[in-house]
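Peer 1: My structure file my_file-v3.txt, compact mmCIF, C-alpha atoms, is below:
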```
# COMPACT_ATOMS: atom_id res chain seq x y z
CA MET A 1 -29.31 -75.70 -109.82
CA ASP A 2 -27.58 -75.80 -106.60
CA THR A 3 -26.96 -78.69 -104.25
CA LEU A 4 -30.09 -78.20 -102.16
CA GLN A 5 -32.39 -78.43 -105.14
CA LEU A 6 -30.59 -81.56 -106.31
CA VAL A 7 -31.04 -83.21 -102.94
CA LEU A 8 -34.74 -82.31 -102.89
CA VAL A 9 -35.32 -83.81 -106.34
CA ILE A 10 -33.52 -87.01 -105.37
CA GLY A 11 -35.56 -87.20 -102.15
CA LEU A 12 -38.80 -86.73 -104.10
CA ILE A 13 -37.94 -89.52 -106.54
CA ALA A 14 -37.07 -91.83 -103.63
CA MET A 15 -40.46 -91.18 -102.03
CA VAL A 16 -42.35 -91.90 -105.22
CA VAL A 17 -40.53 -95.23 -105.50
CA ILE A 18 -41.25 -96.14 -101.90
CA ASN A 19 -44.99 -95.33 -102.32
CA ALA A 20 -45.24 -97.42 -105.41
CA ALA A 21 -43.61 -100.37 -103.62
CA SER A 22 -46.00 -100.02 -100.68
CA LEU A 23 -49.06 -100.04 -102.91
CA TRP A 24 -47.84 -103.15 -104.68
CA TRP A 25 -47.25 -104.94 -101.36
CA ALA A 26 -50.72 -104.02 -100.07
CA MET A 27 -52.42 -105.31 -103.20
CA ARG A 28 -50.57 -108.60 -102.90
CA LEU A 29 -51.64 -109.14 -99.30
CA ASN A 30 -55.29 -108.44 -100.19
CA HIS A 31 -55.17 -110.94 -102.91
CA GLN A 32 -53.80 -113.65 -100.53
CA LEU A 33 -56.56 -112.95 -98.03
CA HIS A 34 -59.37 -113.41 -100.55
CA SER A 35 -57.84 -116.53 -101.84
CA ARG A 36 -58.26 -118.48 -98.39
CA PRO A 37 -61.08 -121.16 -97.94
CA GLN A 38 -64.32 -119.74 -96.27
CA PRO A 39 -65.71 -121.59 -93.02
CA LYS A 40 -69.16 -123.28 -93.35
CA VAL A 41 -72.21 -121.77 -91.51
CA TYR A 42 -74.96 -124.12 -90.26
CA GLU A 43 -78.47 -122.62 -89.48
CA VAL A 44 -80.54 -124.23 -86.61
CA LYS A 45 -84.11 -123.10 -86.09
CA VAL A 46 -86.12 -124.08 -82.92
CA ASN A 47 -89.79 -123.37 -82.70
CA ALA A 48 -90.76 -122.40 -79.14
CA ALA A 49 -94.39 -123.02 -79.64
CA GLU A 50 -93.63 -126.50 -80.22
CA VAL A 51 -91.58 -127.01 -76.92
CA MET A 52 -94.05 -125.67 -74.24
CA ALA A 53 -97.80 -125.26 -74.07
CA ASP A 54 -99.44 -121.88 -73.71
CA ILE A 55 -100.58 -122.47 -70.06
CA ASP A 56 -97.12 -123.32 -68.96
CA ILE A 57 -95.72 -120.26 -70.50
CA ALA A 58 -98.17 -118.05 -68.57
CA THR A 59 -97.42 -119.81 -65.32
CA VAL A 60 -93.73 -119.51 -65.88
CA GLU A 61 -94.12 -115.88 -66.64
CA LYS A 62 -96.22 -115.41 -63.48
CA LEU A 63 -93.79 -117.29 -61.35
CA THR A 64 -90.96 -115.49 -62.90
CA ARG A 65 -92.60 -112.17 -62.13
CA GLN A 66 -93.26 -113.22 -58.54
CA GLN A 67 -89.76 -114.41 -58.08
CA LEU A 68 -88.51 -111.23 -59.63
CA ALA A 69 -90.71 -109.10 -57.38
CA LYS A 70 -89.63 -111.07 -54.34
CA VAL A 71 -85.99 -110.81 -55.18
CA ALA A 72 -86.39 -107.16 -55.98
CA GLY A 73 -88.15 -106.58 -52.64
CA GLU A 74 -85.47 -108.43 -50.74
CA ALA A 75 -82.77 -106.61 -52.60
CA SER A 76 -84.55 -103.36 -51.90
CA LEU A 77 -84.76 -104.17 -48.20
CA ARG A 78 -81.09 -105.17 -48.08
CA PHE A 79 -80.11 -102.11 -49.97
CA LYS A 80 -82.19 -99.91 -47.67
CA LYS A 81 -80.70 -101.55 -44.62
CA SER A 82 -77.23 -101.26 -46.00
CA LEU A 83 -77.88 -97.68 -46.94
CA ASP A 84 -79.18 -96.91 -43.45
CA ASN A 85 -76.14 -98.52 -41.92
CA THR A 86 -73.89 -96.64 -44.23
CA VAL A 87 -75.63 -93.39 -43.48
CA ASP A 88 -75.38 -94.03 -39.74
CA GLN A 89 -71.76 -94.99 -39.96
CA MET A 90 -71.05 -92.03 -42.10
CA SER A 91 -72.86 -89.77 -39.66
CA VAL A 92 -70.89 -91.20 -36.77
CA LYS A 93 -67.71 -90.98 -38.77
CA ILE A 94 -68.43 -87.46 -39.86
CA GLY A 95 -69.36 -86.56 -36.31
CA ASP A 96 -66.18 -88.10 -34.99
CA MET A 97 -64.12 -86.44 -37.65
CA ALA A 98 -65.82 -83.15 -37.07
CA SER A 99 -65.50 -83.55 -33.34
CA ASN A 100 -61.86 -84.52 -33.53
CA SER A 101 -61.07 -81.87 -36.04
CA LEU A 102 -63.04 -79.18 -34.27
CA SER A 103 -61.73 -80.10 -30.84
CA GLY A 104 -58.17 -80.00 -32.20
CA GLU A 105 -58.76 -76.73 -33.89
CA PHE A 106 -60.58 -75.41 -30.87
CA GLU A 107 -57.72 -76.51 -28.67
CA LYS A 108 -55.26 -74.78 -30.96
CA TYR A 109 -57.54 -71.80 -30.99
CA GLN A 110 -57.69 -71.85 -27.22
CA ILE A 111 -53.92 -72.10 -26.97
CA SER A 112 -53.51 -69.27 -29.44
CA LEU A 113 -56.14 -67.27 -27.63
CA GLN A 114 -54.45 -67.92 -24.30
CA ALA A 115 -51.09 -66.90 -25.74
CA LEU A 116 -52.66 -63.83 -27.24
CA ARG A 117 -54.34 -63.04 -23.97
CA ASP A 118 -51.08 -63.48 -22.07
CA GLN A 119 -49.28 -61.30 -24.56
CA SER A 120 -52.04 -58.73 -24.36
CA ILE A 121 -51.92 -58.81 -20.59
CA GLN A 122 -48.15 -58.35 -20.71
CA GLU A 123 -48.48 -55.53 -23.21
CA PHE A 124 -51.22 -53.91 -21.19
CA SER A 125 -49.22 -54.35 -18.00
CA LYS A 126 -46.21 -52.78 -19.69
CA LEU A 127 -48.37 -50.02 -21.08
CA GLN A 128 -49.99 -49.53 -17.71
CA LYS A 129 -46.56 -49.33 -16.07
CA GLU A 130 -45.35 -46.85 -18.66
CA LEU A 131 -48.51 -44.82 -18.19
CA ASP A 132 -48.07 -44.89 -14.44
CA ASP A 133 -44.42 -43.87 -14.76
CA ARG A 134 -45.30 -41.14 -17.20
CA ARG A 135 -48.13 -39.97 -15.00
CA THR A 136 -45.81 -39.92 -12.01
CA GLN A 137 -43.21 -37.98 -13.98
CA LEU A 138 -45.81 -35.55 -15.25
CA THR A 139 -47.26 -35.12 -11.80
CA GLU A 140 -43.82 -34.45 -10.33
CA HIS A 141 -42.98 -32.09 -13.17
CA LEU A 142 -46.29 -30.33 -12.76
CA ASP A 143 -45.74 -30.04 -9.03
CA LYS A 144 -42.31 -28.55 -9.65
CA VAL A 145 -43.67 -26.17 -12.26
CA ILE A 146 -46.49 -25.11 -9.95
CA GLN A 147 -44.08 -24.68 -7.08
CA THR A 148 -41.59 -22.74 -9.21
CA GLU A 149 -44.33 -20.60 -10.68
CA GLY A 150 -45.76 -19.97 -7.24
CA GLU A 151 -42.36 -19.00 -5.88
CA LYS A 152 -41.73 -16.80 -8.89
CA ARG A 153 -45.06 -15.05 -8.48
CA LEU A 154 -44.53 -14.66 -4.76
CA ALA A 155 -41.07 -13.25 -5.41
CA ALA A 156 -42.51 -10.89 -8.02
CA LEU A 157 -45.22 -9.87 -5.59
CA ASP A 158 -42.66 -9.36 -2.84
CA THR A 159 -40.46 -7.34 -5.16
CA ARG A 160 -43.41 -5.29 -6.31
CA MET A 161 -44.58 -4.77 -2.76
CA ASN A 162 -41.06 -3.91 -1.66
CA ASP A 163 -40.79 -1.43 -4.51
CA VAL A 164 -44.08 0.14 -3.53
CA VAL A 165 -43.14 0.35 0.13
CA SER A 166 -39.63 1.56 -0.69
CA SER A 167 -40.94 4.21 -3.03
CA TYR A 168 -43.48 5.30 -0.47
CA LEU A 169 -40.82 5.49 2.25
CA ILE A 170 -38.42 7.37 0.04
CA GLU A 171 -41.07 9.80 -1.09
CA SER A 172 -42.27 10.26 2.46
CA LEU A 173 -38.74 10.85 3.73
CA GLY A 174 -38.02 13.21 0.87
CA SER A 175 -40.81 15.52 1.88
CA GLN A 176 -39.90 15.58 5.56
CA VAL A 177 -36.14 16.05 5.71
CA ASP A 178 -34.66 17.02 9.03
CA LEU A 179 -30.89 17.01 8.74
CA GLY A 180 -30.52 17.91 12.39
CA ALA A 181 -32.27 14.74 13.39
CA GLN A 182 -30.32 12.78 10.83
CA SER A 183 -26.92 14.15 11.80
CA ALA A 184 -26.40 11.58 14.57
CA TYR A 185 -27.06 8.77 12.10
CA ILE A 186 -24.89 10.41 9.46
CA PHE A 187 -21.88 10.86 11.76
CA GLU A 188 -22.34 7.40 13.17
CA THR A 189 -22.30 6.01 9.64
CA LEU A 190 -19.29 8.10 8.68
CA GLU A 191 -17.47 6.96 11.79
CA LYS A 192 -18.28 3.36 10.95
CA HIS A 193 -16.80 3.73 7.46
CA LYS A 194 -14.06 6.15 8.40
CA ASP A 195 -11.21 3.83 7.55
CA GLU A 196 -12.33 3.04 4.03
CA ILE A 197 -13.10 6.70 3.29
CA LYS A 198 -9.72 7.76 4.68
CA LYS A 199 -7.94 5.06 2.72
CA ASP A 200 -9.60 6.13 -0.49
CA ILE A 201 -8.99 9.84 0.07
CA LEU A 202 -5.34 9.44 1.00
CA SER A 203 -4.49 6.97 -1.72
CA MET B 204 2.06 19.69 3.37
CA SER B 205 1.82 17.73 6.60
CA GLY B 206 4.68 19.71 8.11
CA THR B 207 2.86 23.03 7.81
CA LEU B 208 1.41 24.80 10.82
CA VAL B 209 -1.49 26.37 9.00
CA HIS B 210 -4.77 25.50 10.63
CA LEU B 211 -7.72 26.11 8.36
CA PRO B 212 -10.77 27.54 10.15
CA THR B 213 -13.85 25.36 10.07
CA ASP B 214 -15.80 28.05 8.26
CA LEU B 215 -13.37 27.67 5.39
CA TYR B 216 -14.48 24.31 4.11
CA SER B 217 -14.78 24.51 0.32
CA PRO B 218 -12.23 24.83 -2.53
CA GLU B 219 -14.07 27.91 -3.75
CA GLN B 220 -13.72 29.61 -0.38
CA LEU B 221 -10.05 28.69 -0.28
CA SER B 222 -9.52 30.08 -3.79
CA ALA B 223 -11.28 33.29 -2.77
CA VAL B 224 -9.07 33.51 0.34
CA VAL B 225 -5.94 32.93 -1.78
CA ILE B 226 -6.96 35.71 -4.16
CA GLU B 227 -7.82 37.99 -1.27
CA LEU B 228 -4.53 37.18 0.46
CA ARG B 229 -2.63 37.85 -2.74
CA THR B 230 -4.34 41.25 -3.04
CA TYR B 231 -3.72 41.85 0.62
CA ILE B 232 -0.02 41.05 0.22
CA GLY B 233 0.19 43.52 -2.66
CA ALA B 234 -1.41 46.17 -0.52
CA LEU B 235 0.80 45.22 2.42
CA ARG B 236 3.86 45.53 0.18
CA ASP B 237 2.73 49.02 -0.79
CA ALA B 238 2.15 49.80 2.85
CA HIS B 239 5.65 48.62 3.68
CA VAL B 240 7.13 50.85 0.96
CA ARG B 241 5.02 53.72 2.16
CA ALA B 242 6.04 53.12 5.74
CA LYS B 243 9.68 52.92 4.76
CA ALA B 244 9.39 56.21 2.92
CA THR B 245 7.55 57.93 5.73
CA LYS B 246 9.46 56.04 8.38
CA ALA B 247 6.22 55.22 10.07
CA GLU B 248 4.76 51.95 11.32
CA VAL B 249 3.23 49.62 8.81
CA ALA B 250 -0.52 49.75 9.00
CA ALA B 251 -2.67 46.76 8.01
CA PRO B 252 -4.17 47.60 4.67
CA GLY B 253 -7.93 47.98 4.68
CA HIS B 254 -10.64 45.45 5.42
CA MET B 255 -10.17 41.66 5.27
CA SER B 256 -12.79 38.96 5.24
CA ALA B 257 -13.65 36.85 8.24
CA LEU B 258 -12.27 33.80 6.46
CA LEU B 259 -8.88 35.45 5.85
CA LEU B 260 -8.87 36.66 9.38
CA GLY B 261 -9.57 33.16 10.57
CA VAL B 262 -6.70 31.89 8.41
CA PHE B 263 -4.36 34.43 9.95
CA ARG B 264 -5.51 33.35 13.38
CA GLY B 265 -5.21 29.71 12.56
CA ALA B 266 -1.69 30.16 11.20
CA GLY B 267 -0.63 32.46 14.04
CA THR B 268 0.56 34.99 11.50
CA THR B 269 0.71 38.69 12.14
CA ALA B 270 -1.24 40.52 9.48
CA THR B 271 1.53 43.11 8.96
CA ASP B 272 4.35 40.57 8.59
CA LEU B 273 4.94 40.52 4.85
CA ASP B 274 7.23 37.49 4.83
CA ALA B 275 4.86 35.49 6.98
CA CYS B 276 1.97 36.50 4.74
CA GLU B 277 3.86 35.44 1.62
CA LYS B 278 4.72 32.14 3.26
CA LEU B 279 1.09 31.69 4.24
CA LEU B 280 0.04 32.43 0.67
CA LYS B 281 2.34 29.72 -0.63
CA GLU B 282 1.02 27.27 1.88
CA LEU B 283 -2.56 28.09 1.05
CA GLU B 284 -1.85 27.69 -2.66
CA THR B 285 -0.28 24.32 -1.96
CA ILE B 286 -3.28 23.30 0.14
CA ARG B 287 -5.63 24.49 -2.62
CA ASP B 288 -3.80 22.38 -5.18
CA LYS B 289 -3.23 19.27 -3.12
CA ALA B 290 -5.82 19.11 -0.38
CA PRO B 291 -8.33 16.25 -0.69
CA ALA B 292 -11.77 17.34 -1.79
CA VAL B 293 -14.87 15.50 -0.65
CA HIS B 294 -18.29 15.99 -2.16
CA LEU B 295 -21.24 15.44 0.17
CA MET B 296 -24.79 14.99 -1.07
CA MET B 297 -27.70 15.19 1.31
CA ALA B 298 -31.46 15.48 1.14
CA ALA B 299 -31.21 19.17 2.05
CA LEU B 300 -28.44 21.70 2.40
CA PRO B 301 -26.94 21.65 5.90
CA ASN B 302 -26.88 24.81 7.98
CA ARG B 303 -23.68 26.42 9.08
CA ASP B 304 -23.39 24.42 12.29
CA LEU B 305 -23.78 21.16 10.49
CA LYS B 306 -21.24 22.23 7.91
CA ARG B 307 -18.83 22.99 10.69
CA LYS B 308 -19.49 19.60 12.23
CA PHE B 309 -18.81 17.91 8.91
CA THR B 310 -15.65 19.93 8.39
CA ASP B 311 -14.43 19.16 11.87
CA TRP B 312 -15.13 15.51 11.51
CA PHE B 313 -13.33 15.19 8.18
CA ARG B 314 -10.35 17.27 9.29
CA THR B 315 -10.09 15.32 12.51
CA SER B 316 -10.78 11.85 11.24
CA VAL B 317 -9.58 11.86 7.64
CA HIS B 318 -7.22 14.70 6.73
CA PRO B 319 -6.57 18.10 8.39
CA TYR B 320 -6.97 20.00 5.11
CA THR B 321 -10.03 18.25 3.77
CA LEU B 322 -12.16 20.55 1.66
CA LEU B 323 -15.86 19.90 1.35
CA THR B 324 -18.57 20.72 -1.13
CA PHE B 325 -22.24 20.23 -0.36
CA ALA B 326 -25.08 19.44 -2.71
CA THR B 327 -28.67 18.32 -2.38
CA ARG B 328 -30.55 15.37 -3.81
CA ALA B 329 -34.18 15.27 -2.81
CA ASP B 330 -34.70 11.66 -3.83
CA ILE B 331 -32.32 10.10 -1.32
CA GLY B 332 -34.65 10.66 1.62
CA GLY B 333 -31.87 11.28 4.12
CA GLY B 334 -28.39 10.24 5.11
CA VAL B 335 -25.38 11.23 3.05
CA ILE B 336 -23.61 10.26 -0.14
CA VAL B 337 -19.87 10.76 0.10
CA GLN B 338 -17.92 11.14 -3.12
CA ALA B 339 -14.21 11.02 -2.51
CA GLY B 340 -12.07 10.82 -5.58
CA SER B 341 -13.43 8.15 -7.84
CA HIS B 342 -15.33 6.38 -5.07
CA VAL B 343 -18.90 6.98 -4.02
CA TYR B 344 -20.05 5.85 -0.60
CA ASP B 345 -23.80 5.83 -0.54
CA TYR B 346 -25.10 6.00 3.02
CA SER B 347 -28.41 7.50 2.05
CA PHE B 348 -31.75 6.32 3.43
CA ARG B 349 -32.80 5.45 -0.08
CA GLN B 350 -29.87 3.12 -0.49
CA GLN B 351 -30.43 1.58 2.92
CA ILE B 352 -34.08 0.97 2.12
CA LEU B 353 -33.30 -0.47 -1.29
CA ARG B 354 -30.49 -2.60 0.08
CA ASN B 355 -32.77 -4.10 2.71
CA ARG B 356 -35.75 -4.23 0.42
CA SER B 357 -36.05 -7.97 0.79
CA ARG B 358 -36.58 -7.54 4.52
CA ILE B 359 -39.78 -5.66 3.92
CA SER B 360 -41.56 -8.84 2.88
CA GLU B 361 -40.11 -10.63 5.93
CA ILE B 362 -41.35 -7.91 8.20
CA TYR B 363 -44.70 -7.95 6.45
CA ALA B 364 -44.93 -11.74 6.85
CA ARG B 365 -43.99 -11.42 10.54
CA VAL B 366 -46.60 -8.76 11.09
CA ARG B 367 -49.23 -10.78 9.24
CA GLN B 368 -48.69 -13.73 11.62
```
Show the structure stored in the file as structure tokens.
Peer 2:
Amino acid sequence: MDTLQLVLVIGLIAMVVINAASLWWAMRLNHQLHSRPQPKVYEVKVNAAEVMADIDIATVEKLTRQQLAKVAGEASLRFKKSLDNTVDQMSVKIGDMASNSLSGEFEKYQISLQALRDQSIQEFSKLQKELDDRRTQLTEHLDKVIQTEGEKRLAALDTRMNDVVSSYLIESLGSQVDLGAQSAYIFETLEKHKDEIKKDILS
Amino acid sequence: MSGTLVHLPTDLYSPEQLSAVVIELRTYIGALRDAHVRAKATKAEVAAPGHMSALLLGVFRGAGTTATDLDACEKLLKELETIRDKAPAVHLMMAALPNRDLKRKFTDWFRTSVHPYTLLTFATRADIGGGVIVQAGSHVYDYSFRQQILRNRSRISEIYARVRQ
């Protein structure tokens, strides 16, 4: 048996002792309570039939009913009036609250809407400006491209036309050679370039 | 070469002609040498040996050399050989071959304006239309109509635009 088991056994014995003491104490208190002197009860019996007559009882009942109906009617009227007032006040209050709340919200909504509109206008203005700038740039670029392309095509046409005319001239000259007629031009040209020819030959 | 007195005839314009003249003159000198030996043996006058071409005759005339003077002929031969080796050659291209007169004019012009011993060769190129292409050494001077037209090709459109207005 180890220490834990020993402690548990001792604890169990202590609990049994405590329970036994508690039961003894409870029994003692119960015995003291039953041993006290009991109070005396006196019975009084009144016979109603002997206090009032039958007619009076009916009248009282009738009057009582009338009074009760009257009071109930008055209470009903007061309650209805009070209820109407309450309903009206509540309606007014609810209306005011709704009005205040809605007007505040609407005002906030209007402010937000205005801000949103201003922002949108700014954005649209910016976008419009960018679009205008871009359109201007594109238009200028397109104009340049068109102009360049036009010039290029005109130059190509000129070149082509020049080639055609040159070829025609050369072919025409080639078939009608007259060196005698050309000799003046040839000697004039040679004379014009005499110095460079001479320089090249003598170098 | 500039100190020589030889004057090339205008009909002798090409290196081939000059080479032919040199060969002919060399043959002529050989025959003249034989004629001299024969004349010395027979104690007769030296007779000019046989026929000579018009070009050689022109060379003799141009140089002022007597055809029977052997030393002068040998000196002329040396000068012609020097001219053949050193004279500037110019190649001319035209749309058609020039006639003799035009060749003479070209020869005269080059020998007067450029160098007195200029030798010329002529060739044709049908696609140049007219004018002349001068090839001297490594340089080519294109004065042909074709080149002129191509060089001023851009003016055709100007002229066309002017005419259209």
Peer 1: Starting from chain B, keep only residues with some atom at most 7 Å from an atom of chain A, counting all atoms listed in the file, and report them as a list in words.
Peer 2: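 Going by the stated atoms only, the list reads Pro291, Ala298, Ala299, Pro301, Val317, Ala329, Asp330, Ile331, Gly332, Gly333, Gly334, Val335, Ala339, Gly340, Arg349, Ile352, Leu353, Arg356, Ser357, Ile359 and Ser360 of chain B.
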Peer 1: Would you list the contacts of Gly261 of chain B as a list in words, taking every protein, DNA or RNA residue within 9 Å and counting all atoms listed in the file, but skipping same-chain residues closer than 5 positions in sequence?
Peer 2: Leu211, Pro212, Thr213, Asp214, Leu215, Ser256 and Ala266 of chain B
Peer 1: Within 7 Å of Arg229 of chain B, counting only C-alpha atoms, which residues show up once you throw out same-chain ones fewer than 4 positions away? Write them as a short mmCIF file (atom, residue, chain, number, x, y, z; two decimals) with C-alpha atoms, in the coordinates of the input, please.
Peer 2:
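Output saved as selection.cif:
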```
data_model
loop_
_atom_site.label_atom_id
_atom_site.label_comp_id
_atom_site.auth_asym_id
_atom_site.auth_seq_id
_atom_site.Cartn_x
_atom_site.Cartn_y
_atom_site.Cartn_z
CA VAL B 225 -5.94 32.93 -1.78
CA GLY B 233 0.19 43.52 -2.66
CA LEU B 280 0.04 32.43 0.67
#
```
Peer 1: Could you tell me how far atom CA of Arg303 of chain B sits from atom CA of Thr269 of chain B, in Å to one decimal place?
Peer 2: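 Value for the atom CA of Thr269 of chain B-atom CA of Arg303 of chain B distance: 27.5 Å.
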Peer 1: Considering only C-alpha atoms, can you say which of B:Arg314, B:Lys281, B:Arg328, B:Arg241 comes closest to Met297 of chain B?
Peer 2: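 Closest candidate: B:Arg328.
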Peer 1: For a test of reading the model, state the distance in Å between atom CA of Leu6 of chain A and atom CA of Ala21 of chain A, rounded to one decimal.
Peer 2: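 Between atom CA of Leu6 of chain A and atom CA of Ala21 of chain A the gap is 23.0 Å.
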